[in-house]
Each structure stands twice: as C-alpha cells, then as structure tokens.
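Here's the structure, in structure tokens; my notes come after.
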Amino acid sequence: MNGRFRRRGDAGTQRAATLELFYDLVFVFAITQVSHLVLGHLTWSAAGQAAIVLLAVWWSWNYTTWATNELDPETDSVRLLLIALMLGSLLMAVAVPHAFGKHGLLFAVAYLAIQVGRHAFLTFVAADRGSVEREQAGRILVWFLAGGVFWVAGGLVEGGSRAALWLIALALDYIAPLVLFPLPGRPRLAASSWHLATGHFAERFGLIVIAAIGETIILTGATTAERELDAATVAAFVTAFAGSAALWWLYFTSTRELGERSLDGEASRTGRARDVYTYGHVLIVAGIIVTAVGDELVIAHPLDPLGRAELTVVVAGPALFLLAQLALQLRATRRLGRARLAAIAACAALGLLGGSVPALLVGAALVAVLVAVALRR
C-alpha cells in the first residue's frame, strides 16, 4: 500500500475513526429497510428476496471494512472515497423496498458502483505499481466486474429471472474470497499476503452488531409508541427489550471474544478472519433482524395466538442468532456448545407448540431461553 494511504502506528491497537462510524449510519438505515421488507410480506418468497438484499448490503459493508483496515481514514483521499461510498450505499438502501420491483436496476447499479469504485481506487490510486496490494485489489476488481454482468442483467429483467441472476452474482461474489480470487495466467495468491490490524478489525464488526441491535430497539420502540399502552403491550415491549439485551450479552461476552482469539497468531489468521467475520457475522446480523421483526409482531398483538407465518418469524430470529453463534464457536474452537444446541432445540419446540398460546407467552419463553444461555456462560 502506498505509504500516503496506509494506517500508521501499531496495527494491533488501531481503532475505528469517526468517519467510519458516520459511514455505519447508512447501514443502520439499510438494516431497517430490510426489516420492513421482511415484515411487509411474511412468505418464503419474500424471505428469499430479503436474504438476497441483505447479502448484497452486507457484502458492500464488509469489503469497505477490509479496505479501511489498511487505509488511513484521516487522509483526504480516503475521506472522499468513504463519503462517495456512503452516497452509493444510501442509494442502495433507498432501493431496498422495491429491489425486486421498480428499483431493481438502481439497487444493482448502486451495489456495483460501490464495489467497483472502491477497488478501482485501491488498485490504481492507493497501491504502488508492482505491489502485492495492487495485485490483490486488481483481482478483486476483476471478480466484481464479472459478477457485475449478472447484477445489471438482473436489474433489467423481472420476477424469478431477477432472483436467479442475482443469485449467480452473489455466488461469484461470495465464492471469490474462498478461492483467493484466481485469474488465468496469474500466480496463486497466499492468504497470508493480506494484513490485518486486528484491534480495528474486531471493533468494526462489533460496532455493526451494535448497530443491528440498535435497530431492534428503534423498531420495537416505534411500534410500541403507535399503540395503546395497555398492560399487555407494555409487557410485550419490556420482553422485546430484554431480548435485545440478551442478544447484546450473548455476543459481547462470548462471540466477540471467540472472534478476537481467532485472530491471535500469524498462521491462517486471514482465513479465520474471513470465516468468522466475513461469512459468520452476516448470520449474526440476520438473526438480529429477524428477531426485531418478530418483536414487532408480538407487540402488535400480544394477547392473540400467532399464525403459522408469524410464529415462524418470531421463533426463527433467536434460533438463527444461536445457530450463528454455534457455527462461529465450531470454527474458532472446533467444539460444539451443548447449551446452544439445547437452546436451538427449545426454540424449535416453541415453533411447533406455540401456535395455540398468546404471542406474549411465546416471546417471553424465547427471551427466557436466550437469558438462560447468556447466564450459563
């Protein structure tokens, strides 16, 4: 990396810059947009569309975090880059509710502009000629351009064809880091050629989890404020807040520590960072988003039994969050936590048996499961 753009000081103690926190505000909005997309249509088709949108939003944020792990956000050029990426991200977030309708092309072009623009800067501005950093950024740029064909093509068609083309694009984007961005005629890159400022890296992913949990607070607070504040509604709100607190507790007293320990030592550090953070944390964020949607459903009708679709959403959020924690624990320690396995089974049982009881009882039982796992640690 050109010395003018590289982070300075001890790489292990680098912290997030205020501009990076400003950048994250766009993703709080994007997460809210995804939540509303799920809430608006409780069908498997809509859930699949929301998953595609979330994976794209996550991938744009994730790659920027890897880039700013090496770039110095206190330089004017990097500041301008991040502000431009914010604008593209905001346009992408605005398009989320109608990404599979009239705003499909806007969503695709905004996503592609973010990915291509960032890595064009890394390749041709930030990296020195002949350096390994230019080789890395250039290969990633080529892969994004290849996937971009399917993003744009998907934005130009409608219905199932759009989903199919965007799934191909996502497959290319998500597979590329696993195979280290090979190109014909170019030597294979080593995973160790990527350098990590570990303190900054772990902090950035922790902050985006905080942002996602914050979105649950906003969503449940807004829903409660619009309703009559009777005893059942207040009880549902308190239960939802306790669930958000339990998610915070579970992540920041367990998963974050596992992630930070996975970055210790030089050998295979990049591969562990990729698996635990790049891939694993999108499941954490997805679990938080679905939990927020479930909380809103419970607050809306606390004394009524949940329909099948509503019950599935309410149970799926905590179960997905715990499943993500279980997967990260397995990757970091090669052990499965029995407490989380039992908790996932308990969530599944509530999904099977909770259709005949008030929504508030189901929500309270799920929070009890989360609290039990948190306190068991």
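Ordered as shown in the structure tokens, chains take letters A, B, and onward, while each chain numbers its residues from 1 and ligands are numbered from 1 in the order shown.
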
Got a sec: who's within 9 Å of Val26 in chain A, counting only C-alpha atoms, leaving out chain neighbours fewer than 3 positions off, as a list in words?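 Here the qualifying residues turn out to be Phe22, Tyr23, Phe29, Ala30, Ile31, Met86, Leu87, Ser89, Leu90 and Ala93 of chain A.
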
Restricted to N, CA, C and O atoms, what would the selected residues look like written as a tab-separated table (two decimals), in the first residue's frame?
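Generated output (out17.tsv):
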chain	number	residue	atom	x	y	z
A	22	PHE	N	-19.60	7.28	11.09
A	22	PHE	CA	-20.53	8.03	10.24
A	22	PHE	C	-20.99	7.16	9.08
A	22	PHE	O	-22.19	7.10	8.75
A	23	TYR	N	-20.06	6.45	8.47
A	23	TYR	CA	-20.36	5.54	7.36
A	23	TYR	C	-21.36	4.46	7.80
A	23	TYR	O	-22.27	4.10	7.04
A	29	PHE	N	-29.75	2.41	8.53
A	29	PHE	CA	-30.91	2.64	7.67
A	29	PHE	C	-31.17	1.43	6.77
A	29	PHE	O	-32.32	0.99	6.59
A	30	ALA	N	-30.10	0.87	6.19
A	30	ALA	CA	-30.27	-0.29	5.31
A	30	ALA	C	-30.86	-1.48	6.06
A	30	ALA	O	-31.73	-2.19	5.54
A	31	ILE	N	-30.40	-1.70	7.30
A	31	ILE	CA	-30.92	-2.81	8.11
A	31	ILE	C	-32.40	-2.58	8.40
A	31	ILE	O	-33.21	-3.52	8.36
A	86	MET	N	-20.57	6.11	0.92
A	86	MET	CA	-21.78	6.34	1.71
A	86	MET	C	-22.95	6.72	0.81
A	86	MET	O	-24.07	6.23	0.99
A	87	LEU	N	-22.69	7.61	-0.15
A	87	LEU	CA	-23.75	8.02	-1.06
A	87	LEU	C	-24.28	6.82	-1.85
A	87	LEU	O	-25.50	6.62	-1.97
A	89	SER	N	-24.12	3.71	-0.97
A	89	SER	CA	-24.81	2.82	-0.03
A	89	SER	C	-26.19	3.34	0.33
A	89	SER	O	-27.13	2.57	0.50
A	90	LEU	N	-26.31	4.67	0.44
A	90	LEU	CA	-27.61	5.25	0.75
A	90	LEU	C	-28.58	5.03	-0.41
A	90	LEU	O	-29.76	4.70	-0.19
A	93	ALA	N	-29.69	1.47	-0.21
A	93	ALA	CA	-30.65	1.27	0.87
A	93	ALA	C	-32.02	1.83	0.51
A	93	ALA	O	-33.05	1.22	0.82

Neighbouring residues of range 364-373 of chain A were defined as those with any atom within 12 Å, considering only C-alpha atoms; residues of the same chain fewer than 4 positions away were excluded. Please report them as a ChimeraX atom specification. /A:232,235-251,253-254,291,294-295,298-299,302,311,314-322,325-326,337-351,353-354,357-360,377

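Taking CA of Asp173 in chain A and CA of Ile213 in chain A as the two end points, the separation is 26.4 Å.
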
Which polymer residues have any atom within 10 Å of an atom of Leu21 in chain A, counting only C-alpha atoms, with same-chain residues fewer than 3 positions away left out, as a ChimeraX atom specification? /A:16-18,24-26,204,207-208,211

Hey, which of A:Ala110, A:Leu196, A:Leu306, A:Leu189 ends up closest to Arg269 in chain A? Count only C-alpha atoms.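 Between A:Ala110, A:Leu196, A:Leu306, A:Leu189, the residue approaching Arg269 in chain A most closely is A:Leu196.
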